[in-house]
>>> print(open('data38.pdb').read())   # PDB, C-alpha atoms
ATOM      1  CA  MET A   1     141.238  83.428  90.924
ATOM      2  CA  THR A   2     138.895  84.749  93.611
ATOM      3  CA  ASN A   3     137.156  82.581  96.133
ATOM      4  CA  SER A   4     134.665  83.455  98.810
ATOM      5  CA  ILE A   5     133.141  82.166 101.996
ATOM      6  CA  VAL A   6     129.610  82.816 103.164
ATOM      7  CA  ILE A   7     128.776  83.605 106.774
ATOM      8  CA  GLY A   8     125.133  84.337 107.340
ATOM      9  CA  GLU A   9     124.264  86.838 104.641
ATOM     10  CA  ARG A  10     127.839  88.089 104.260
ATOM     11  CA  ILE A  11     129.985  87.056 101.326
ATOM     12  CA  ILE A  12     133.656  87.323 102.266
ATOM     13  CA  GLU A  13     136.034  87.561  99.306
ATOM     14  CA  LEU A  14     139.302  85.608  99.409
ATOM     15  CA  ASP A  15     142.253  85.617  97.068
ATOM     16  CA  GLY A  16     143.387  82.500  95.209
ATOM     17  CA  GLU A  17     145.313  81.270  98.253
ATOM     18  CA  GLY A  18     142.469  81.817 100.723
ATOM     19  CA  PHE A  19     143.654  85.106 102.275
ATOM     20  CA  LEU A  20     141.109  87.851 102.908
ATOM     21  CA  ARG A  21     140.824  90.486 100.192
ATOM     22  CA  GLU A  22     139.595  93.023 102.773
ATOM     23  CA  LEU A  23     141.184  92.873 106.222
ATOM     24  CA  SER A  24     138.136  94.599 107.708
ATOM     25  CA  ASP A  25     136.021  91.505 106.898
ATOM     26  CA  TRP A  26     137.772  89.532 109.655
ATOM     27  CA  ASP A  27     136.022  88.396 112.815
ATOM     28  CA  ARG A  28     136.042  85.218 114.894
ATOM     29  CA  GLU A  29     133.457  83.559 112.631
ATOM     30  CA  VAL A  30     135.556  84.278 109.552
ATOM     31  CA  ALA A  31     138.630  82.940 111.357
ATOM     32  CA  ALA A  32     136.792  79.738 112.270
ATOM     33  CA  LYS A  33     135.660  79.225 108.671
ATOM     34  CA  ILE A  34     139.170  79.783 107.282
ATOM     35  CA  ALA A  35     140.626  77.521 109.987
ATOM     36  CA  ALA A  36     138.176  74.748 109.097
ATOM     37  CA  ALA A  37     139.257  75.000 105.452
ATOM     38  CA  GLU A  38     142.862  74.579 106.667
ATOM     39  CA  GLU A  39     141.825  71.634 108.877
ATOM     40  CA  VAL A  40     142.664  73.560 112.048
ATOM     41  CA  SER A  41     140.341  73.256 115.034
ATOM     42  CA  LEU A  42     140.749  76.509 116.952
ATOM     43  CA  GLY A  43     141.360  76.347 120.679
ATOM     44  CA  ASP A  44     142.644  78.796 123.284
ATOM     45  CA  SER A  45     146.277  78.263 122.248
ATOM     46  CA  HIS A  46     145.440  79.121 118.642
ATOM     47  CA  TRP A  47     143.575  82.265 119.663
ATOM     48  CA  GLU A  48     146.494  83.338 121.810
ATOM     49  CA  VAL A  49     148.777  83.312 118.751
ATOM     50  CA  LEU A  50     146.149  84.785 116.414
ATOM     51  CA  ASN A  51     145.446  87.690 118.766
ATOM     52  CA  LEU A  52     149.180  88.291 119.157
ATOM     53  CA  LEU A  53     149.607  88.396 115.362
ATOM     54  CA  ARG A  54     146.693  90.799 114.952
ATOM     55  CA  SER A  55     148.040  93.095 117.682
ATOM     56  CA  HIS A  56     151.482  93.064 116.084
ATOM     57  CA  TYR A  57     150.028  93.850 112.659
ATOM     58  CA  GLU A  58     147.895  96.677 114.055
ATOM     59  CA  VAL A  59     151.018  98.411 115.385
ATOM     60  CA  HIS A  60     153.613  97.546 112.725
ATOM     61  CA  LYS A  61     151.514  96.875 109.578
ATOM     62  CA  VAL A  62     153.695  93.899 108.723
ATOM     63  CA  THR A  63     153.054  90.158 108.713
ATOM     64  CA  LEU A  64     155.654  87.793 110.071
ATOM     65  CA  ALA A  65     157.400  84.873 108.393
ATOM     66  CA  ASN A  66     158.316  81.783 110.446
ATOM     67  CA  ARG A  67     161.485  82.989 112.188
ATOM     68  CA  ALA A  68     160.006  86.334 113.152
ATOM     69  CA  LEU A  69     156.806  84.604 114.291
ATOM     70  CA  VAL A  70     158.762  82.253 116.559
ATOM     71  CA  SER A  71     160.690  85.211 117.951
ATOM     72  CA  LEU A  72     157.529  87.220 118.660
ATOM     73  CA  VAL A  73     155.763  84.296 120.325
ATOM     74  CA  LYS A  74     158.847  83.524 122.425
ATOM     75  CA  ARG A  75     159.161  87.146 123.532
ATOM     76  CA  GLU A  76     155.452  87.605 124.302
ATOM     77  CA  LEU A  77     154.284  84.129 125.382
ATOM     78  CA  GLY A  78     157.468  82.485 126.650
ATOM     79  CA  SER A  79     159.963  79.912 125.433
ATOM     80  CA  LYS A  80     157.615  76.920 125.852
ATOM     81  CA  LYS A  81     155.388  78.388 123.152
ATOM     82  CA  GLY A  82     157.976  80.356 121.213
ATOM     83  CA  ASN A  83     159.465  77.511 119.213
ATOM     84  CA  SER A  84     158.860  75.945 115.828
ATOM     85  CA  ILE A  85     157.620  72.601 117.177
ATOM     86  CA  TYR A  86     154.866  74.214 119.253
ATOM     87  CA  LEU A  87     153.717  76.394 116.357
ATOM     88  CA  MET A  88     153.827  73.472 113.899
ATOM     89  CA  LYS A  89     151.475  71.538 116.180
ATOM     90  CA  LEU A  90     149.021  74.433 116.148
ATOM     91  CA  PHE A  91     149.337  75.418 112.482
ATOM     92  CA  THR A  92     150.508  72.402 110.480
ATOM     93  CA  GLY A  93     152.574  72.988 107.369
ATOM     94  CA  SER A  94     153.716  76.592 107.406
ATOM     95  CA  PRO A  95     152.798  78.126 110.775
ATOM     96  CA  ALA A  96     153.372  81.696 109.581
ATOM     97  CA  LYS A  97     151.310  81.312 106.422
ATOM     98  CA  ILE A  98     148.437  79.438 108.069
ATOM     99  CA  SER A  99     148.286  81.578 111.227
ATOM    100  CA  ASN A 100     148.344  84.853 109.277
ATOM    101  CA  LYS A 101     145.633  83.542 106.960
ATOM    102  CA  ILE A 102     143.382  82.552 109.867
ATOM    103  CA  ALA A 103     144.149  85.861 111.622
ATOM    104  CA  GLY A 104     142.832  87.659 108.527
ATOM    105  CA  LEU A 105     146.189  89.215 107.705
ATOM    106  CA  PRO A 106     148.097  89.415 104.412
ATOM    107  CA  LYS A 107     150.380  86.592 103.365
ATOM    108  CA  PRO A 108     153.929  87.186 104.633
ATOM    109  CA  ASP A 109     156.192  88.307 101.800
ATOM    110  CA  ASN A 110     158.620  85.390 101.923
ATOM    111  CA  CYS A 111     156.175  82.517 102.575
ATOM    112  CA  LEU A 112     155.693  80.052  99.751
TER     113      LEU A 112
END
>>> encode(input="data38.pdb", output="structure tokens")
Amino acid sequence: MTNSIVIGERIIELDGEGFLRELSDWDREVAAKIAAAEEVSLGDSHWEVLNLLRSHYEVHKVTLANRALVSLVKRELGSKKGNSIYLMKLFTGSPAKISNKIAGLPKPDNCL
């Protein structure tokens, strides 16, 4: 099943779970539209994590599941932000799945 979102005159293709089919389609507008579909209202704290995920992916070409996400955030943003409770408040449900989706990255391999 393929879904799509429309931004201006662009049609952005999504897979059946709402992840981008083409990573190059991502921009802040696309992120905001995906976030709205996930009932996430993006603020500075969200963008901090999203930008960190995108930077990590750019270098390593791998998306992070929850434990690795917590570890990365803790290492890069400090222990007050690098914990499951903080990330759950930002990205309810599965922080790794939701944050990677909004960041325009592939679904982590071991996320349900």
>>> residues_around(input="data38.pdb", residues="segment 29-43 of chain A", least_positions_apart="5", cutoff="9 Å", atoms="all atoms listed in the file", output="PDB file with C-alpha atoms, keeping the file's coordinate frame")
ATOM      1  CA  ILE A   5     133.141  82.166 101.996  1.00  0.00           C
ATOM      2  CA  VAL A   6     129.610  82.816 103.164  1.00  0.00           C
ATOM      3  CA  ILE A   7     128.776  83.605 106.774  1.00  0.00           C
ATOM      4  CA  ILE A  12     133.656  87.323 102.266  1.00  0.00           C
ATOM      5  CA  GLY A  18     142.469  81.817 100.723  1.00  0.00           C
ATOM      6  CA  PHE A  19     143.654  85.106 102.275  1.00  0.00           C
ATOM      7  CA  GLU A  48     146.494  83.338 121.810  1.00  0.00           C
ATOM      8  CA  LEU A  90     149.021  74.433 116.148  1.00  0.00           C
ATOM      9  CA  PHE A  91     149.337  75.418 112.482  1.00  0.00           C
ATOM     10  CA  THR A  92     150.508  72.402 110.480  1.00  0.00           C
ATOM     11  CA  ILE A  98     148.437  79.438 108.069  1.00  0.00           C
ATOM     12  CA  SER A  99     148.286  81.578 111.227  1.00  0.00           C
ATOM     13  CA  LYS A 101     145.633  83.542 106.960  1.00  0.00           C
ATOM     14  CA  ILE A 102     143.382  82.552 109.867  1.00  0.00           C
ATOM     15  CA  ALA A 103     144.149  85.861 111.622  1.00  0.00           C
ATOM     16  CA  GLY A 104     142.832  87.659 108.527  1.00  0.00           C
TER      17      GLY A 104
END
>>> resolve_selection(input="data38.pdb", expression="the PyMOL selection byres ((chain A and resi 72-82) around 10)", output="list in words")
Ser45, Glu48, Val49, Leu52, Leu53, His56, Leu64, Asn66, Arg67, Ala68, Leu69, Val70, Ser71, Asn83, Ser84, Ile85, Tyr86 and Leu87 of chain A
>>> atom_distance(input="data38.pdb", atom1="atom CA of Trp47 of chain A", atom2="atom CA of Glu17 of chain A")
21.5 Å
>>> atom_distance(input="data38.pdb", atom1="atom CA of Tyr57 of chain A", atom2="atom CA of Glu9 of chain A")
27.9 Å
>>> atom_distance(input="data38.pdb", atom1="atom CA of Arg21 of chain A", atom2="atom CA of Ser94 of chain A")
20.3 Å
>>> closest_residue(input="data38.pdb", among="A:Asp27, A:Leu50, A:Leu20, A:Ser55", to="Pro106 of chain A", atoms="all atoms listed in the file")
A:Leu20
>>> closest_residue(input="data38.pdb", among="A:His60, A:Lys107, A:His46, A:Lys89", to="Leu23 of chain A", atoms="only C-alpha atoms")
A:Lys107
>>> axis_aligned_box(input="data38.pdb", around="segment 16-20 of chain A", padding_each_side="8 Å", output="JSON")
{"center_x": 143.2, "center_y": 84.6, "center_z": 99.1, "size_x": 20.2, "size_y": 22.6, "size_z": 23.7}
>>> closest_residue(input="data38.pdb", among="A:Arg54, A:Arg28, A:Asn3, A:Gly93", to="Gly16 of chain A", atoms="all atoms listed in the file")
A:Asn3
>>> build_atoms(input="data38.pdb", residues="segment 18-51 of chain A", atoms="N, CA and C atoms", output="PDB file, in the frame of the given file")
ATOM      1  N   GLY A  18     143.344  81.873  99.553  1.00  0.00           N
ATOM      2  CA  GLY A  18     142.469  81.817 100.723  1.00  0.00           C
ATOM      3  C   GLY A  18     142.679  82.922 101.745  1.00  0.00           C
ATOM      4  N   PHE A  19     143.468  83.947 101.391  1.00  0.00           N
ATOM      5  CA  PHE A  19     143.654  85.106 102.275  1.00  0.00           C
ATOM      6  C   PHE A  19     142.544  86.115 102.016  1.00  0.00           C
ATOM      7  N   LEU A  20     142.147  86.837 103.058  1.00  0.00           N
ATOM      8  CA  LEU A  20     141.109  87.851 102.908  1.00  0.00           C
ATOM      9  C   LEU A  20     141.526  88.932 101.913  1.00  0.00           C
ATOM     10  N   ARG A  21     140.588  89.342 101.084  1.00  0.00           N
ATOM     11  CA  ARG A  21     140.824  90.486 100.192  1.00  0.00           C
ATOM     12  C   ARG A  21     140.722  91.792 100.979  1.00  0.00           C
ATOM     13  N   GLU A  22     139.814  91.835 101.940  1.00  0.00           N
ATOM     14  CA  GLU A  22     139.595  93.023 102.773  1.00  0.00           C
ATOM     15  C   GLU A  22     139.824  92.640 104.232  1.00  0.00           C
ATOM     16  N   LEU A  23     140.858  93.213 104.837  1.00  0.00           N
ATOM     17  CA  LEU A  23     141.184  92.873 106.222  1.00  0.00           C
ATOM     18  C   LEU A  23     140.042  93.199 107.180  1.00  0.00           C
ATOM     19  N   SER A  24     139.245  94.193 106.837  1.00  0.00           N
ATOM     20  CA  SER A  24     138.136  94.599 107.708  1.00  0.00           C
ATOM     21  C   SER A  24     137.010  93.561 107.759  1.00  0.00           C
ATOM     22  N   ASP A  25     137.034  92.567 106.878  1.00  0.00           N
ATOM     23  CA  ASP A  25     136.021  91.505 106.898  1.00  0.00           C
ATOM     24  C   ASP A  25     136.243  90.507 108.033  1.00  0.00           C
ATOM     25  N   TRP A  26     137.412  90.542 108.671  1.00  0.00           N
ATOM     26  CA  TRP A  26     137.772  89.532 109.655  1.00  0.00           C
ATOM     27  C   TRP A  26     136.965  89.663 110.944  1.00  0.00           C
ATOM     28  N   ASP A  27     136.545  88.532 111.457  1.00  0.00           N
ATOM     29  CA  ASP A  27     136.022  88.396 112.815  1.00  0.00           C
ATOM     30  C   ASP A  27     136.220  86.935 113.215  1.00  0.00           C
ATOM     31  N   ARG A  28     135.810  86.582 114.403  1.00  0.00           N
ATOM     32  CA  ARG A  28     136.042  85.218 114.894  1.00  0.00           C
ATOM     33  C   ARG A  28     135.332  84.164 114.038  1.00  0.00           C
ATOM     34  N   GLU A  29     134.170  84.495 113.508  1.00  0.00           N
ATOM     35  CA  GLU A  29     133.457  83.559 112.631  1.00  0.00           C
ATOM     36  C   GLU A  29     134.229  83.322 111.337  1.00  0.00           C
ATOM     37  N   VAL A  30     134.753  84.390 110.770  1.00  0.00           N
ATOM     38  CA  VAL A  30     135.556  84.278 109.552  1.00  0.00           C
ATOM     39  C   VAL A  30     136.794  83.440 109.842  1.00  0.00           C
ATOM     40  N   ALA A  31     137.444  83.710 110.972  1.00  0.00           N
ATOM     41  CA  ALA A  31     138.630  82.940 111.357  1.00  0.00           C
ATOM     42  C   ALA A  31     138.301  81.457 111.470  1.00  0.00           C
ATOM     43  N   ALA A  32     137.178  81.145 112.098  1.00  0.00           N
ATOM     44  CA  ALA A  32     136.792  79.738 112.270  1.00  0.00           C
ATOM     45  C   ALA A  32     136.544  79.066 110.928  1.00  0.00           C
ATOM     46  N   LYS A  33     135.942  79.789 110.004  1.00  0.00           N
ATOM     47  CA  LYS A  33     135.660  79.225 108.671  1.00  0.00           C
ATOM     48  C   LYS A  33     136.961  78.989 107.895  1.00  0.00           C
ATOM     49  N   ILE A  34     137.877  79.946 107.953  1.00  0.00           N
ATOM     50  CA  ILE A  34     139.170  79.783 107.282  1.00  0.00           C
ATOM     51  C   ILE A  34     139.949  78.644 107.932  1.00  0.00           C
ATOM     52  N   ALA A  35     139.924  78.588 109.263  1.00  0.00           N
ATOM     53  CA  ALA A  35     140.626  77.521 109.987  1.00  0.00           C
ATOM     54  C   ALA A  35     140.084  76.148 109.581  1.00  0.00           C
ATOM     55  N   ALA A  36     138.776  76.032 109.491  1.00  0.00           N
ATOM     56  CA  ALA A  36     138.176  74.748 109.097  1.00  0.00           C
ATOM     57  C   ALA A  36     138.660  74.337 107.712  1.00  0.00           C
ATOM     58  N   ALA A  37     138.764  75.299 106.806  1.00  0.00           N
ATOM     59  CA  ALA A  37     139.257  75.000 105.452  1.00  0.00           C
ATOM     60  C   ALA A  37     140.707  74.535 105.492  1.00  0.00           C
ATOM     61  N   GLU A  38     141.454  74.975 106.491  1.00  0.00           N
ATOM     62  CA  GLU A  38     142.862  74.579 106.667  1.00  0.00           C
ATOM     63  C   GLU A  38     143.003  73.360 107.580  1.00  0.00           C
ATOM     64  N   GLU A  39     141.866  72.790 107.981  1.00  0.00           N
ATOM     65  CA  GLU A  39     141.825  71.634 108.877  1.00  0.00           C
ATOM     66  C   GLU A  39     142.473  71.931 110.225  1.00  0.00           C
ATOM     67  N   VAL A  40     142.196  73.139 110.731  1.00  0.00           N
ATOM     68  CA  VAL A  40     142.664  73.560 112.048  1.00  0.00           C
ATOM     69  C   VAL A  40     141.439  73.767 112.922  1.00  0.00           C
ATOM     70  N   SER A  41     141.427  73.100 114.069  1.00  0.00           N
ATOM     71  CA  SER A  41     140.341  73.256 115.034  1.00  0.00           C
ATOM     72  C   SER A  41     140.814  74.231 116.106  1.00  0.00           C
ATOM     73  N   LEU A  42     140.251  75.436 116.095  1.00  0.00           N
ATOM     74  CA  LEU A  42     140.749  76.509 116.952  1.00  0.00           C
ATOM     75  C   LEU A  42     140.437  76.279 118.429  1.00  0.00           C
ATOM     76  N   GLY A  43     141.486  76.405 119.232  1.00  0.00           N
ATOM     77  CA  GLY A  43     141.360  76.347 120.679  1.00  0.00           C
ATOM     78  C   GLY A  43     142.009  77.581 121.285  1.00  0.00           C
ATOM     79  N   ASP A  44     142.082  77.630 122.595  1.00  0.00           N
ATOM     80  CA  ASP A  44     142.644  78.796 123.284  1.00  0.00           C
ATOM     81  C   ASP A  44     144.079  79.092 122.849  1.00  0.00           C
ATOM     82  N   SER A  45     144.877  78.062 122.649  1.00  0.00           N
ATOM     83  CA  SER A  45     146.277  78.263 122.248  1.00  0.00           C
ATOM     84  C   SER A  45     146.371  78.906 120.867  1.00  0.00           C
ATOM     85  N   HIS A  46     145.472  78.514 119.971  1.00  0.00           N
ATOM     86  CA  HIS A  46     145.440  79.121 118.642  1.00  0.00           C
ATOM     87  C   HIS A  46     145.082  80.603 118.746  1.00  0.00           C
ATOM     88  N   TRP A  47     144.035  80.885 119.522  1.00  0.00           N
ATOM     89  CA  TRP A  47     143.575  82.265 119.663  1.00  0.00           C
ATOM     90  C   TRP A  47     144.649  83.150 120.286  1.00  0.00           C
ATOM     91  N   GLU A  48     145.410  82.586 121.187  1.00  0.00           N
ATOM     92  CA  GLU A  48     146.494  83.338 121.810  1.00  0.00           C
ATOM     93  C   GLU A  48     147.484  83.831 120.743  1.00  0.00           C
ATOM     94  N   VAL A  49     147.846  82.956 119.829  1.00  0.00           N
ATOM     95  CA  VAL A  49     148.777  83.312 118.751  1.00  0.00           C
ATOM     96  C   VAL A  49     148.100  84.245 117.747  1.00  0.00           C
ATOM     97  N   LEU A  50     146.862  83.955 117.388  1.00  0.00           N
ATOM     98  CA  LEU A  50     146.149  84.785 116.414  1.00  0.00           C
ATOM     99  C   LEU A  50     145.984  86.216 116.933  1.00  0.00           C
ATOM    100  N   ASN A  51     145.604  86.353 118.193  1.00  0.00           N
ATOM    101  CA  ASN A  51     145.446  87.690 118.766  1.00  0.00           C
ATOM    102  C   ASN A  51     146.779  88.425 118.830  1.00  0.00           C
TER     103      ASN A  51
END
